[in-house]
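**Student:** Structure file entry_2.pdb (PDB, C-alpha atoms) right here:
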```pdb
ATOM      1  CA  MET A 242       0.000   0.000   0.000  1.00  0.00           C
ATOM      2  CA  THR A 243       1.455   3.351  -1.006  1.00  0.00           C
ATOM      3  CA  GLY A 244       1.313   6.589   0.927  1.00  0.00           C
ATOM      4  CA  ALA A 245      -1.398   7.892  -1.418  1.00  0.00           C
ATOM      5  CA  ASP A 246      -3.507   4.800  -0.748  1.00  0.00           C
ATOM      6  CA  VAL A 247      -3.159   5.251   2.999  1.00  0.00           C
ATOM      7  CA  ARG A 248      -4.183   8.937   2.748  1.00  0.00           C
ATOM      8  CA  ARG A 249      -7.184   8.048   0.582  1.00  0.00           C
ATOM      9  CA  VAL A 250      -8.363   5.372   3.026  1.00  0.00           C
ATOM     10  CA  ALA A 251      -7.780   7.686   6.000  1.00  0.00           C
ATOM     11  CA  GLY A 252      -9.792  10.407   4.255  1.00  0.00           C
ATOM     12  CA  ARG A 253     -12.688   8.043   3.686  1.00  0.00           C
ATOM     13  CA  ILE A 254     -12.606   6.898   7.307  1.00  0.00           C
ATOM     14  CA  ARG A 255     -12.542  10.532   8.464  1.00  0.00           C
ATOM     15  CA  TRP A 256     -15.537  11.353   6.227  1.00  0.00           C
ATOM     16  CA  TYR A 257     -17.460   8.363   7.574  1.00  0.00           C
ATOM     17  CA  VAL A 258     -16.781   9.212  11.223  1.00  0.00           C
ATOM     18  CA  ARG A 259     -17.769  12.881  10.687  1.00  0.00           C
ATOM     19  CA  GLU A 260     -21.046  11.798   9.063  1.00  0.00           C
ATOM     20  CA  LEU A 261     -21.732   9.199  11.739  1.00  0.00           C
ATOM     21  CA  THR A 262     -21.151  11.598  14.628  1.00  0.00           C
ATOM     22  CA  GLY A 263     -22.973  14.549  13.024  1.00  0.00           C
ATOM     23  CA  GLU A 264     -19.885  16.758  13.028  1.00  0.00           C
ATOM     24  CA  SER A 265     -20.342  17.639   9.356  1.00  0.00           C
ATOM     25  CA  VAL A 266     -23.856  19.066   9.910  1.00  0.00           C
ATOM     26  CA  TYR A 267     -22.473  22.469  10.912  1.00  0.00           C
ATOM     27  CA  ASP A 268     -20.182  22.604   7.891  1.00  0.00           C
ATOM     28  CA  ARG A 269     -23.126  21.900   5.572  1.00  0.00           C
ATOM     29  CA  TYR A 270     -25.216  24.520   7.384  1.00  0.00           C
ATOM     30  CA  VAL A 271     -22.527  27.187   6.952  1.00  0.00           C
ATOM     31  CA  ALA A 272     -22.124  26.348   3.261  1.00  0.00           C
ATOM     32  CA  HIS A 273     -25.890  26.556   2.754  1.00  0.00           C
ATOM     33  CA  ALA A 274     -26.197  29.840   4.661  1.00  0.00           C
ATOM     34  CA  ARG A 275     -23.310  31.432   2.747  1.00  0.00           C
ATOM     35  CA  ALA A 276     -24.726  30.285  -0.602  1.00  0.00           C
ATOM     36  CA  HIS A 277     -28.171  31.741   0.084  1.00  0.00           C
ATOM     37  CA  ASP A 278     -27.219  34.953   1.886  1.00  0.00           C
ATOM     38  CA  PRO A 279     -23.495  35.735   2.112  1.00  0.00           C
ATOM     39  CA  GLU A 280     -24.157  38.841   4.223  1.00  0.00           C
ATOM     40  CA  ALA A 281     -26.203  37.086   6.921  1.00  0.00           C
ATOM     41  CA  PRO A 282     -24.441  36.353  10.209  1.00  0.00           C
ATOM     42  CA  VAL A 283     -23.685  32.684  10.845  1.00  0.00           C
ATOM     43  CA  PRO A 284     -23.853  31.439  14.440  1.00  0.00           C
ATOM     44  CA  SER A 285     -20.795  29.891  16.026  1.00  0.00           C
ATOM     45  CA  ARG A 286     -20.547  26.115  16.138  1.00  0.00           C
ATOM     46  CA  ARG A 287     -21.357  26.206  19.835  1.00  0.00           C
ATOM     47  CA  ALA A 288     -24.515  28.325  19.313  1.00  0.00           C
ATOM     48  CA  PHE A 289     -25.550  26.140  16.382  1.00  0.00           C
ATOM     49  CA  GLU A 290     -25.160  22.930  18.391  1.00  0.00           C
ATOM     50  CA  HIS A 291     -27.037  24.448  21.333  1.00  0.00           C
ATOM     51  CA  ALA A 292     -29.976  25.449  19.098  1.00  0.00           C
ATOM     52  CA  ARG A 293     -29.884  22.042  17.418  1.00  0.00           C
ATOM     53  CA  MET A 294     -30.033  20.254  20.772  1.00  0.00           C
ATOM     54  CA  ASP A 295     -32.887  22.464  21.964  1.00  0.00           C
ATOM     55  CA  ALA A 296     -34.859  21.748  18.792  1.00  0.00           C
ATOM     56  CA  ARG A 297     -34.194  18.025  19.087  1.00  0.00           C
ATOM     57  CA  GLU A 298     -35.356  17.918  22.707  1.00  0.00           C
ATOM     58  CA  ALA A 299     -38.468  20.004  21.963  1.00  0.00           C
ATOM     59  CA  ASP A 300     -39.678  17.634  19.234  1.00  0.00           C
ATOM     60  CA  PRO A 301     -40.989  14.340  20.667  1.00  0.00           C
ATOM     61  CA  ARG A 302     -40.576  12.649  17.270  1.00  0.00           C
ATOM     62  CA  GLU A 303     -36.812  13.078  17.556  1.00  0.00           C
ATOM     63  CA  GLY A 304     -36.643  11.073  20.751  1.00  0.00           C
ATOM     64  CA  PHE A 305     -36.307  12.137  24.326  1.00  0.00           C
ATOM     65  CA  ARG A 306     -33.818  12.273  27.116  1.00  0.00           C
ATOM     66  CA  CYS A 307     -34.758  10.442  30.236  1.00  0.00           C
ATOM     67  CA  CYS A 308     -32.326  12.233  32.524  1.00  0.00           C
TER
END
```
Now that the file is in, can you turn its structure into structure tokens?
**Tutor:**
Amino acid sequence: MTGADVRRVAGRIRWYVRELTGESVYDRYVAHARAHDPEAPVPSRRAFEHARMDAREADPREGFRCC
């Protein structure tokens, strides 16, 4: 296996883990927001994740937290 093969496999694993954990959601949100209104302010990752968690907990179809 060459160095290029190792980098390609590592890149695919990184992509998979980011999709699985939801880390890439913010990146897609920022890209979408910039494409539709480049002048609009974009919340920080922390603010985005906080709002996302609040929305998830407010919607019973998304599941619930017992504790």
**Student:** Just so the selection is clear, what residues does the PyMOL selection byres ((chain A and resi 267-272) around 12) cover here, as number ranges by chain?
**Tutor:** A: 259-260, 262-266, 273-279, 281-293
**Student:** Just to confirm, what's the straight-line distance from CA of Ala296 (chain A) to CA of Val258 (chain A) in Å (one decimal)?
**Tutor:**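 Calculated distance between CA of Ala296 (chain A) and CA of Val258 (chain A) is 23.3 Å.
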**Student:** For CA of Arg297 (chain A) and CA of Leu261 (chain A), quote the distance in Å rounded to one decimal.
**Tutor:**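 The value is 16.9 Å.
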**Student:** Might I get the box with edges along x, y and z of the file that holds all atoms of region 288-296 of chain A listed there, padded by 4 Å on every side, given as centre and edge lengths in Å to one decimal, as lines of an AutoDock Vina configuration file?
**Tutor:**
```
center_x = -29.7
center_y = 24.3
center_z = 19.2
size_x = 18.3
size_y = 16.1
size_z = 13.6
```
**Student:** What is the distance, in Å and to one decimal place, between CA of Trp256 (chain A) and CA of Ala299 (chain A)?
**Tutor:**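 Those two atoms sit 29.1 Å apart.
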